[in-house]
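Novice: Contents are compact mmCIF, C-alpha atoms; file name final-v4.txt:
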# COMPACT_ATOMS: atom_id res chain seq x y z
CA MET A 8 104.18 98.80 88.28
CA ARG A 9 105.16 101.32 90.93
CA THR A 10 103.13 101.20 94.12
CA ALA A 11 102.01 104.78 93.52
CA ASP A 12 100.63 103.73 90.11
CA LEU A 13 98.80 100.83 91.67
CA ILE A 14 97.18 103.13 94.23
CA GLU A 15 96.19 105.49 91.44
CA LEU A 16 94.63 102.58 89.60
CA LEU A 17 92.75 101.37 92.68
CA ALA A 18 91.45 104.88 93.34
CA ARG A 19 89.73 104.71 89.93
CA ASP A 20 87.86 101.61 91.05
CA VAL A 21 86.06 103.18 94.01
CA SER A 22 82.34 102.84 94.32
CA ALA A 23 80.13 103.46 97.32
CA THR A 24 79.57 100.43 99.55
CA PRO A 25 76.41 100.31 101.65
CA PRO A 26 76.88 99.36 105.31
CA GLY A 27 75.77 95.95 106.53
CA VAL A 28 77.21 93.97 103.59
CA VAL A 29 78.72 91.34 105.87
CA SER A 30 75.47 90.45 107.64
CA ARG A 31 73.46 90.54 104.41
CA ARG A 32 75.77 88.15 102.58
CA LEU A 33 75.92 85.68 105.45
CA LEU A 34 72.18 85.81 105.95
CA ALA A 35 71.62 85.23 102.24
CA ALA A 36 73.91 82.20 102.41
CA LEU A 37 72.01 80.76 105.37
CA VAL A 38 68.69 81.28 103.59
CA ALA A 39 69.91 79.80 100.29
CA GLY A 40 71.54 76.77 101.90
CA GLY A 41 68.62 76.42 104.29
CA LEU A 42 66.19 76.26 101.38
CA VAL A 43 68.14 73.45 99.74
CA THR A 44 68.24 71.50 102.99
CA PHE A 45 64.56 72.21 103.63
CA ALA A 46 63.73 70.87 100.17
CA ILE A 47 65.64 67.67 100.92
CA VAL A 48 63.85 67.28 104.26
CA ALA A 49 60.42 67.95 102.73
CA LEU A 50 60.81 65.97 99.50
CA VAL A 51 63.10 63.10 100.46
CA LEU A 52 62.67 62.54 104.19
CA HIS A 53 59.14 64.03 104.45
CA CYS A 54 57.95 66.16 107.35
CA GLN A 55 56.10 64.61 110.25
CA PRO A 56 52.47 65.80 110.70
CA LEU A 57 53.41 69.33 111.76
CA ALA A 58 50.05 70.55 113.07
CA ALA A 59 50.03 67.78 115.66
CA ALA A 60 53.73 68.06 116.43
CA ALA A 61 53.47 71.80 117.03
CA GLN A 62 51.14 71.11 119.98
CA GLN A 63 53.90 69.17 121.72
CA SER A 64 56.57 70.64 123.97
CA TRP A 65 59.24 68.20 122.73
CA PHE A 66 58.88 69.65 119.22
CA TRP A 67 59.67 73.12 120.52
CA MET A 68 62.37 71.87 122.85
CA LYS A 69 64.26 70.64 119.78
CA ALA A 70 63.53 73.78 117.76
CA VAL A 71 64.66 76.13 120.55
CA TYR A 72 67.85 74.16 121.21
CA THR A 73 69.02 73.99 117.60
CA GLY A 74 67.63 77.46 116.83
CA LEU A 75 69.70 79.05 119.62
CA LEU A 76 72.78 77.23 118.35
CA THR A 77 72.09 78.50 114.82
CA VAL A 78 71.90 82.09 116.03
CA THR A 79 75.06 81.90 118.14
CA GLY A 80 76.88 80.07 115.33
CA ALA A 81 75.89 82.74 112.80
CA LEU A 82 77.09 85.49 115.16
CA ILE A 83 80.47 83.77 115.55
CA VAL A 84 80.80 83.38 111.77
CA ARG A 85 80.00 87.05 111.35
CA ARG A 86 82.73 88.07 113.78
CA LEU A 87 85.30 85.76 112.20
CA SER A 88 84.58 86.98 108.67
CA VAL A 89 85.75 90.47 109.60
CA PRO A 90 89.48 90.93 110.19
CA GLY A 91 90.49 91.99 113.67
CA SER A 92 87.07 91.82 115.33
CA ARG A 93 86.74 90.25 118.76
CA LEU A 94 84.73 87.09 119.29
CA GLY A 95 82.62 88.51 122.09
CA THR A 96 80.31 86.33 124.17
CA ALA A 97 78.68 84.22 121.42
CA PRO A 98 81.00 81.17 121.86
CA LEU A 99 80.31 81.17 125.61
CA ALA A 100 76.57 81.39 124.91
CA ALA A 101 76.79 78.39 122.55
CA VAL A 102 78.66 76.35 125.17
CA LEU A 103 76.08 77.24 127.84
CA VAL A 104 73.20 76.22 125.55
CA VAL A 105 74.84 72.83 124.88
CA LEU A 106 75.55 72.31 128.60
CA ALA A 107 71.94 73.15 129.46
CA MET A 108 70.73 70.60 126.91
CA LEU A 109 73.12 67.95 128.22
CA ALA A 110 71.88 68.62 131.76
CA LEU A 111 68.28 68.32 130.61
CA GLY A 112 69.02 65.01 128.88
CA ALA A 113 70.97 63.65 131.86
CA GLY A 114 68.18 64.67 134.22
CA GLN A 115 65.66 62.84 132.06
CA ILE A 116 67.74 59.65 132.04
CA LEU A 117 68.36 59.76 135.79
CA SER A 118 64.71 60.30 136.64
CA ALA A 119 63.50 57.50 134.32
CA ALA A 120 63.02 53.91 135.37
CA PRO A 121 66.29 52.00 134.76
CA ALA A 122 64.60 49.65 132.26
CA ALA A 123 63.37 52.56 130.13
CA ARG A 124 66.68 54.44 130.00
CA LEU A 125 68.24 52.81 126.97
CA THR A 126 65.11 53.31 124.87
CA LEU A 127 64.92 56.95 125.87
CA TRP A 128 68.54 57.50 124.93
CA LEU A 129 68.61 55.61 121.63
CA GLY A 130 65.04 56.18 120.45
CA GLN A 131 64.20 54.52 117.12
CA THR A 132 66.63 56.43 114.94
CA TRP A 133 69.88 56.98 116.81
CA LYS A 134 71.94 55.34 114.09
CA ILE A 135 70.86 57.66 111.31
CA CYS A 136 70.26 60.90 113.23
CA SER A 137 73.81 62.29 113.46
CA PRO A 138 74.88 61.22 109.93
CA LEU A 139 71.71 62.74 108.44
CA ILE A 140 72.29 66.05 110.23
CA LEU A 141 75.86 66.08 108.91
CA LEU A 142 74.67 65.42 105.34
CA LEU A 143 71.93 68.04 105.60
CA ALA A 144 74.51 70.54 106.85
CA LEU A 145 76.61 70.28 103.68
CA PRO A 146 74.49 72.48 101.36
CA ILE A 147 74.35 75.17 104.04
CA TYR A 148 78.07 74.88 104.70
CA ALA A 149 78.81 75.20 100.98
CA CYS A 150 76.75 78.40 100.72
CA LEU A 151 78.45 79.82 103.80
CA VAL A 152 81.89 79.03 102.39
CA VAL A 153 81.10 80.93 99.19
CA ALA A 154 79.88 83.95 101.19
CA ILE A 155 82.78 83.92 103.67
CA ARG A 156 85.41 83.70 100.92
CA ARG A 157 84.10 86.96 99.51
CA LEU A 158 84.64 88.55 102.91
CA ALA A 159 88.00 88.41 104.66
CA PRO A 160 88.44 85.61 107.19
CA THR A 161 91.93 85.65 108.68
CA ARG A 162 91.71 82.61 110.99
CA LEU A 163 90.62 79.94 108.58
CA ALA A 164 90.32 76.76 110.67
CA ARG A 165 88.37 78.59 113.34
CA THR A 166 86.12 80.29 110.80
CA GLY A 167 85.50 76.96 109.06
CA ALA A 168 84.58 75.36 112.39
CA ALA A 169 82.13 78.17 113.14
CA ALA A 170 80.58 77.86 109.67
CA GLY A 171 80.25 74.08 110.10
CA PHE A 172 78.70 74.62 113.52
CA ALA A 173 76.13 77.14 112.22
CA ALA A 174 75.36 74.90 109.22
CA GLY A 175 74.98 71.85 111.47
CA ALA A 176 72.68 73.70 113.87
CA LEU A 177 70.44 75.01 111.07
CA ALA A 178 70.39 71.55 109.46
CA ALA A 179 69.38 70.04 112.81
CA THR A 180 66.59 72.61 113.13
CA LEU A 181 65.22 71.63 109.73
CA TYR A 182 65.74 67.95 110.45
CA GLY A 183 63.47 68.48 113.47
CA LEU A 184 60.60 68.94 110.99
CA HIS A 185 61.08 65.29 110.02
CA CYS A 186 62.46 63.60 113.11
CA PRO A 187 59.74 62.26 115.44
CA GLU A 188 62.05 61.58 118.38
CA GLN A 189 60.80 63.15 121.59
CA ALA A 190 63.37 62.54 124.32
CA ALA A 191 65.65 65.33 125.58
CA ALA A 192 68.35 62.68 126.15
CA PHE A 193 68.12 61.70 122.48
CA VAL A 194 68.41 65.29 121.25
CA ALA A 195 71.21 66.13 123.69
CA THR A 196 73.25 63.21 122.34
CA TRP A 197 72.54 62.57 118.68
CA TYR A 198 71.62 66.08 117.52
CA THR A 199 74.64 67.46 119.33
CA LEU A 200 76.89 64.81 117.79
CA GLY A 201 75.64 65.65 114.30
CA ILE A 202 76.37 69.34 114.86
CA ALA A 203 79.78 68.47 116.31
CA ALA A 204 80.58 66.39 113.20
CA ALA A 205 79.67 69.33 110.96
CA THR A 206 81.89 71.56 113.12
CA ALA A 207 84.80 69.15 112.67
CA VAL A 208 84.30 68.98 108.89
CA GLY A 209 84.34 72.80 108.84
CA ALA A 210 87.48 73.05 110.96
CA ILE A 211 89.38 70.62 108.71
CA SER A 212 88.17 71.86 105.34
CA GLY A 213 88.06 75.57 106.23
CA ARG A 214 91.83 75.81 106.22
CA TRP A 215 91.77 75.07 102.47
CA LEU A 216 88.33 76.14 101.32
CA LEU A 217 88.37 79.58 102.90
CA ARG A 218 91.74 80.77 101.60
CA TRP A 219 91.51 83.95 99.59
CA MET B 13 99.31 103.73 122.54
CA LEU B 14 98.66 107.43 122.16
CA GLN B 15 100.34 107.34 118.78
CA GLN B 16 98.08 104.49 117.71
CA ASP B 17 95.02 106.43 118.84
CA GLN B 18 96.13 109.25 116.60
CA THR B 19 96.62 106.84 113.70
CA GLU B 20 93.13 105.51 114.31
CA GLU B 21 91.66 108.99 114.42
CA ARG B 22 93.36 109.83 111.18
CA LEU B 23 92.67 106.65 109.21
CA ARG B 24 89.17 105.65 110.24
CA PRO B 25 87.48 108.77 108.78
CA LEU B 26 89.44 108.19 105.57
CA MET B 27 88.19 104.60 105.40
CA ILE B 28 84.61 105.67 106.02
CA ARG B 29 84.81 108.30 103.28
CA SER B 30 86.41 105.75 100.97
CA LEU B 31 83.52 103.36 101.59
CA ALA B 32 81.15 106.18 100.76
CA GLY B 33 82.76 106.38 97.32
CA ASP B 34 85.32 109.18 97.88
CA SER B 35 88.24 108.20 95.64
CA GLY B 36 90.47 110.99 97.02
CA ALA B 37 90.11 109.60 100.53
CA HIS B 38 90.73 106.11 99.16
CA ARG B 39 93.94 107.24 97.46
CA GLU B 40 95.16 108.96 100.60
CA LEU B 41 94.30 105.97 102.81
CA LEU B 42 96.11 103.48 100.57
CA GLY B 43 99.11 105.83 100.38
CA VAL B 44 99.42 106.06 104.16
CA LEU B 45 98.78 102.33 104.62
CA GLY B 46 101.40 101.49 101.99
CA ARG B 47 104.06 103.35 103.98
CA TYR B 48 103.18 101.50 107.20
CA LEU B 49 103.00 98.15 105.41
CA ARG B 50 106.43 98.66 103.85
CA SER B 51 108.02 99.24 107.22
CA TYR B 52 106.07 96.39 108.86
CA PHE B 53 106.99 93.83 106.20
CA ALA B 54 110.61 95.04 105.96
CA ARG B 55 111.11 94.04 109.60
CA ARG B 56 109.82 90.53 108.83
CA ILE B 57 110.80 89.37 105.33
CA GLY B 58 113.67 89.81 102.88
CA ALA B 59 114.04 93.24 101.30
CA ALA B 60 113.58 91.85 97.79
CA GLU B 61 110.03 90.69 98.58
CA VAL B 62 108.72 93.65 100.51
CA GLU B 63 107.35 95.83 97.75
CA ASP B 64 105.48 93.00 96.03
CA LEU B 65 103.82 92.07 99.29
CA VAL B 66 102.94 95.73 99.91
CA GLN B 67 101.20 95.83 96.54
CA GLU B 68 99.44 92.54 97.07
CA THR B 69 98.19 93.70 100.48
CA LEU B 70 96.99 97.06 99.13
CA LEU B 71 95.06 95.20 96.45
CA ALA B 72 93.53 93.00 99.17
CA VAL B 73 92.62 96.03 101.30
CA HIS B 74 90.97 97.52 98.23
CA LEU B 75 89.00 94.41 97.26
CA LYS B 76 88.08 93.37 100.81
CA ARG B 77 87.16 96.79 102.17
CA ASP B 78 83.46 96.03 102.30
CA SER B 79 84.23 93.54 105.10
CA TYR B 80 85.13 96.51 107.32
CA ASP B 81 82.44 97.31 109.88
CA ARG B 82 82.14 101.08 110.21
CA SER B 83 81.26 100.84 113.90
CA LEU B 84 84.59 99.17 114.76
CA PRO B 85 88.13 100.61 114.94
CA PHE B 86 90.03 100.57 111.65
CA THR B 87 93.60 99.82 112.76
CA PRO B 88 92.87 96.26 114.07
CA TRP B 89 91.12 95.50 110.77
CA ALA B 90 94.11 96.68 108.74
CA TYR B 91 96.56 94.88 111.02
CA ALA B 92 94.69 91.55 110.84
CA LEU B 93 94.58 91.81 107.04
CA ALA B 94 98.30 92.64 106.81
CA ARG B 95 99.19 89.77 109.14
CA TYR B 96 97.06 87.36 107.09
CA LYS B 97 98.85 88.42 103.90
CA LEU B 98 102.24 88.03 105.61
CA ILE B 99 101.41 84.50 106.84
CA ASP B 100 100.08 83.60 103.39
CA HIS B 101 103.29 84.90 101.82
CA LEU B 102 105.46 82.81 104.15
CA ARG B 103 103.33 79.72 103.63
CA ARG B 104 103.60 79.96 99.85
CA ARG B 105 107.36 80.12 100.18
CA LYS B 106 107.33 77.12 102.52
CA ARG B 107 108.86 79.04 105.37
CA SER B 108 108.02 79.09 109.01
CA ARG B 109 104.76 80.88 109.16
CA HIS B 110 104.81 81.65 112.81
CA VAL B 111 103.83 85.27 113.12
CA PRO B 112 103.08 86.28 116.70
CA LEU B 113 99.71 87.90 117.19
CA GLU B 114 100.59 91.40 118.29
CA ASP B 115 98.71 94.53 119.03
CA ALA B 116 97.58 96.45 115.95
CA GLY B 117 100.25 99.00 116.89
CA ALA B 118 102.85 96.60 115.40
CA LEU B 119 101.69 97.67 111.96
CA PHE B 120 101.61 101.34 112.73
CA ALA B 121 104.88 101.60 114.68
CA ALA B 122 106.86 103.12 111.82
CA ASP B 123 106.39 104.09 108.21
CA ASP B 124 108.59 104.13 105.16
CA ALA B 125 107.87 106.22 102.08
CA GLU B 126 110.80 104.91 100.08
CA GLN B 127 109.61 102.32 97.60
CA GLY B 128 111.81 99.21 97.58
CA ALA B 129 112.99 97.01 94.73
CA LEU B 130 110.24 95.40 92.66
CA HIS B 131 110.00 91.92 91.28
CA THR B 132 106.97 93.29 89.51
CA ASP B 133 104.79 90.28 90.09
CA LEU B 134 101.91 92.49 89.01
CA ASP B 135 103.43 93.51 85.68
CA ARG B 136 104.13 89.91 84.78
CA LEU B 137 100.58 88.89 85.61
CA LEU B 138 99.17 91.86 83.71
CA GLN B 139 100.54 90.27 80.55
CA ARG B 140 98.23 87.32 81.10
CA LEU B 141 95.05 89.38 81.18
CA PRO B 142 92.84 89.24 78.09
CA ASP B 143 93.76 92.02 75.62
CA ARG B 144 90.66 94.12 76.16
CA GLN B 145 91.07 94.15 79.90
CA ARG B 146 94.79 94.78 79.75
CA SER B 147 94.52 97.69 77.37
CA LEU B 148 91.84 99.30 79.52
CA LEU B 149 93.97 98.85 82.60
CA GLU B 150 96.99 100.34 80.85
CA ASP B 151 95.04 103.32 79.61
CA VAL B 152 93.99 104.06 83.16
CA LYS B 153 97.31 103.25 84.77
CA LEU B 154 99.91 104.55 82.33
CA GLN B 155 98.07 107.34 80.61
CA GLY B 156 96.20 108.43 83.71
CA LEU B 157 92.87 108.50 81.89
CA SER B 158 89.69 108.41 83.94
CA VAL B 159 87.62 105.28 83.52
CA GLU B 160 85.11 107.27 81.46
CA GLU B 161 87.82 108.54 79.10
CA ALA B 162 89.31 105.08 78.73
CA ALA B 163 85.86 103.64 78.06
CA ARG B 164 85.23 106.21 75.29
CA LYS B 165 88.61 105.47 73.75
CA ARG B 166 87.89 101.73 73.65
CA GLY B 167 84.28 102.18 72.53
CA VAL B 168 82.58 100.60 75.53
CA THR B 169 80.14 102.07 78.03
CA ALA B 170 81.49 103.56 81.24
CA VAL B 171 79.59 100.96 83.26
CA SER B 172 81.10 98.01 81.47
CA ALA B 173 84.54 99.62 81.68
CA ARG B 174 84.09 99.89 85.44
CA VAL B 175 83.04 96.27 85.67
CA MET B 176 85.97 95.23 83.51
CA LEU B 177 88.44 97.17 85.64
CA HIS B 178 87.07 95.70 88.85
CA ARG B 179 87.15 92.17 87.41
CA SER B 180 90.72 92.62 86.27
CA LEU B 181 91.74 93.68 89.77
CA LYS B 182 90.00 90.68 91.28
CA TRP B 183 91.65 88.40 88.78
CA LEU B 184 95.08 89.87 89.60
CA ASN B 185 94.42 89.32 93.29
CA GLN B 186 93.54 85.66 92.66
CA ALA B 187 96.50 85.14 90.36
CA LEU B 188 98.91 86.60 92.92
CA ARG B 189 97.55 84.20 95.49
CA ASP B 190 97.64 81.13 93.27
CA GLU B 191 101.05 81.81 91.73
CA ASN B 192 103.24 80.12 94.29
CA GLY B 193 100.53 78.29 96.04
So, in terms of structure tokens, how does the structure I just supplied come out?
Specialist:
Amino acid sequence: MRTADLIELLARDVSATPPGVVSRRLLAALVAGGLVTFAIVALVLHCQPLAAAAQQSWFWMKAVYTGLLTVTGALIVRRLSVPGSRLGTAPLAAVLVVLAMLALGAGQILSAAPAARLTLWLGQTWKICSPLILLLALPIYACLVVAIRRLAPTRLARTGAAAGFAAGALAATLYGLHCPEQAAAFVATWYTLGIAAATAVGAISGRWLLRW
Amino acid sequence: MLQQDQTEERLRPLMIRSLAGDSGAHRELLGVLGRYLRSYFARRIGAAEVEDLVQETLLAVHLKRDSYDRSLPFTPWAYALARYKLIDHLRRRKRSRHVPLEDAGALFAADDAEQGALHTDLDRLLQRLPDRQRSLLEDVKLQGLSVEEAARKRGVTAVSARVMLHRSLKWLNQALRDENG
């Protein structure tokens, strides 16, 4: 087939595309994956008594931390799914949010009585927290991968890492509905580690999964 | 730089009209892009492979065009896509896939209207399409029928003919990618 014939053929396959397709597809993926993860949290892990928890500042501290990371992660994914677009300030914002949380956790540990520090840091559930967040991130990551492949990522490992990061952060937000831990030091460590693990899984698998 | 600005000013409106459903603008855009791609690839891979990669990249531009954000410049989008296809091509052939990240101007530095030799990857793959899809594609390609005319000839609705054509193109894109991969 001559290239001119191919172009002629492609010109017959033109239909109008509404603007905003990229954001809509990624948002739909986050919602779809988020619903699956929410169902697992609600049906398998069970939510803590939410009316009481919502009165507490630690509940919102967790939600704001992971929520901000979800938003910045989604913005980075959006940029990376479009060829040639610049990353902008979202990665810096994500780093600053994590640093602020680490500072908050460190401050809490330092100001606590030495005997209470280990309990604050490990809580009751430190062993399962990060692995659960990683597992809960997988449905969201899978939905994001499907959506991103239909777009045009050109830096696959980086895009995979960003998708894993966004999936991990949203999973951590939903996990907060279940997890009764209250300490900033706990969240700064084990939540962050779970999100980091999801980021690593994305970076490694994105190179293969996101090829188009 | 000035030259690239002019390229941008020329191509971006074409892309925006193409996204709005203007097939004339789409044809013109792909024609211009094809000439730049040919020259860009010719400076980086063997002459025998250039035209196939041009076609593969044009198909990708066509199928991935809804990832273009109308508020952003067009030439960096096209350059990043071309570079991705080049790296993918080198990887499939197990060659060094180091392609320096340049300014988008690298793609638009020169153009070449002369079509090179064809391996005709596409023609070979066309033979593997299901009969109905292939005959529709050939009606449109070889006989220059509009999709509506081709649909009438094959006794299907125009809508399903459109869907079939689009699916065939997507399948070809996938098959090109998977072939040596």
Novice: Looking at only C-alpha atoms, which of A:Leu57, A:Ala170, A:Val21, A:Ile116 is the one that sits closest to A:Gly80?
Specialist: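 Using only C-alpha atoms, A:Gly80 sits closest to A:Ala170.
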Novice: Counting all atoms listed in the file, which of A:Pro146, A:Gly213, A:Gly175, A:Gly167 gets nearest to A:Ala39?
Specialist: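 Of all the options, A:Pro146 lies closest to A:Ala39.
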Novice: Excluding A:Ala179 and its own-chain neighbours fewer than 4 positions away, which residues fall within 9 Å of it when counting all atoms listed in the file? Please give them as number ranges by chain.
Specialist: A: 69-70, 73-74, 137, 139-141, 143-144, 174-175, 183, 198-199, 201-202
Novice: Give the answer as one residue: which of A:Ala169, A:Gln131, A:Ile211, A:Thr10 has the shortest atom-to-atom distance to B:Leu65, using all atoms listed in the file?
Specialist: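 The shortest atom-to-atom distance to B:Leu65 comes from A:Thr10.
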Novice: Go through B:Lys76, B:Arg144, B:Arg179, B:Arg107 one by one, measure the shortest atom-to-atom distance of each to A:Arg156 using all atoms listed in the file, and give the residue with the smallest value.
Specialist: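 Closest to A:Arg156, using all atoms listed in the file: B:Lys76.
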Novice: Residues of chain A within 10 Å of chain B, counting all atoms listed in the file - could you list those as an mmCIF file with C-alpha atoms, in the coordinates of the input?
Specialist:
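Okay, this is what ended up in result21.cif:
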data_model
loop_
_atom_site.group_PDB
_atom_site.id
_atom_site.type_symbol
_atom_site.label_atom_id
_atom_site.label_comp_id
_atom_site.auth_asym_id
_atom_site.auth_seq_id
_atom_site.Cartn_x
_atom_site.Cartn_y
_atom_site.Cartn_z
ATOM 1 C CA MET A 8 104.180 98.800 88.280
ATOM 2 C CA ARG A 9 105.160 101.320 90.930
ATOM 3 C CA THR A 10 103.130 101.200 94.120
ATOM 4 C CA ALA A 11 102.010 104.780 93.520
ATOM 5 C CA ASP A 12 100.630 103.730 90.110
ATOM 6 C CA LEU A 13 98.800 100.830 91.670
ATOM 7 C CA ILE A 14 97.180 103.130 94.230
ATOM 8 C CA GLU A 15 96.190 105.490 91.440
ATOM 9 C CA LEU A 16 94.630 102.580 89.600
ATOM 10 C CA LEU A 17 92.750 101.370 92.680
ATOM 11 C CA ALA A 18 91.450 104.880 93.340
ATOM 12 C CA ARG A 19 89.730 104.710 89.930
ATOM 13 C CA ASP A 20 87.860 101.610 91.050
ATOM 14 C CA VAL A 21 86.060 103.180 94.010
ATOM 15 C CA SER A 22 82.340 102.840 94.320
ATOM 16 C CA ALA A 23 80.130 103.460 97.320
ATOM 17 C CA THR A 24 79.570 100.430 99.550
ATOM 18 C CA PRO A 25 76.410 100.310 101.650
ATOM 19 C CA PRO A 26 76.880 99.360 105.310
ATOM 20 C CA GLY A 27 75.770 95.950 106.530
ATOM 21 C CA VAL A 28 77.210 93.970 103.590
ATOM 22 C CA VAL A 29 78.720 91.340 105.870
ATOM 23 C CA SER A 30 75.470 90.450 107.640
ATOM 24 C CA ARG A 85 80.000 87.050 111.350
ATOM 25 C CA SER A 88 84.580 86.980 108.670
ATOM 26 C CA VAL A 89 85.750 90.470 109.600
ATOM 27 C CA PRO A 90 89.480 90.930 110.190
ATOM 28 C CA GLY A 91 90.490 91.990 113.670
ATOM 29 C CA SER A 92 87.070 91.820 115.330
ATOM 30 C CA ARG A 93 86.740 90.250 118.760
ATOM 31 C CA ILE A 155 82.780 83.920 103.670
ATOM 32 C CA ARG A 157 84.100 86.960 99.510
ATOM 33 C CA LEU A 158 84.640 88.550 102.910
ATOM 34 C CA ALA A 159 88.000 88.410 104.660
ATOM 35 C CA PRO A 160 88.440 85.610 107.190
ATOM 36 C CA THR A 161 91.930 85.650 108.680
ATOM 37 C CA ARG A 162 91.710 82.610 110.990
ATOM 38 C CA LEU A 163 90.620 79.940 108.580
ATOM 39 C CA ARG A 218 91.740 80.770 101.600
ATOM 40 C CA TRP A 219 91.510 83.950 99.590
#
Novice: How far is it from atom CA of A:Leu181 to atom CA of A:Val104, in Å with one decimal?
Specialist: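 Between atom CA of A:Leu181 and atom CA of A:Val104 the gap is 18.3 Å.
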Novice: Which distance in Å separates atom CA of A:Val102 and atom CA of A:Leu34, to one decimal?
Specialist: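 Rounded to one decimal, the two atoms are 22.4 Å apart.
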Novice: If I take atom CA of A:Pro121 and atom CA of A:Trp67, how far is one from the other in Å, to one decimal?
Specialist: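 It comes out at 26.3 Å.
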Novice: Here's a test: counting only C-alpha atoms, identify every protein, DNA and RNA residue with an atom at most 6 Å from (106.1, 100.1, 110.7) in the file's coordinate frame, and state them as number ranges by chain.
Specialist: B: 48, 51-52, 119-123
Novice: What's around A:Gly112 at 7 Å? Count only C-alpha atoms, leave out sequence neighbours fewer than 2 positions away in its own chain, and write the answer as a list in words.
Specialist: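 The neighbour list is Met108, Leu109, Ala110, Gly114, Gln115, Ile116, Ala191, Ala192 and Ala195 of chain A.
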Novice: Those same residues - C-alpha atoms - I'd like them written as a PDB file, keeping the file's coordinate frame.
Specialist:
ATOM      1  CA  MET A 108      70.730  70.600 126.910  1.00  0.00           C
ATOM      2  CA  LEU A 109      73.120  67.950 128.220  1.00  0.00           C
ATOM      3  CA  ALA A 110      71.880  68.620 131.760  1.00  0.00           C
ATOM      4  CA  GLY A 114      68.180  64.670 134.220  1.00  0.00           C
ATOM      5  CA  GLN A 115      65.660  62.840 132.060  1.00  0.00           C
ATOM      6  CA  ILE A 116      67.740  59.650 132.040  1.00  0.00           C
ATOM      7  CA  ALA A 191      65.650  65.330 125.580  1.00  0.00           C
ATOM      8  CA  ALA A 192      68.350  62.680 126.150  1.00  0.00           C
ATOM      9  CA  ALA A 195      71.210  66.130 123.690  1.00  0.00           C
TER      10      ALA A 195
END
Novice: Return the single residue from B:Ala125, B:Leu102, B:Ala187, B:Val111 that is closest to B:Leu45, with distances computed using all atoms listed in the file.
Specialist: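 Ranking B:Ala125, B:Leu102, B:Ala187, B:Val111 by distance to B:Leu45, first place goes to B:Ala125.
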Novice: Which is closer to B:Ala170 than all the others in B:Leu113, B:Ala60, B:Ala54, B:Leu148, using only C-alpha atoms?
Specialist: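 Under the stated criterion, the closest residue is B:Leu148.
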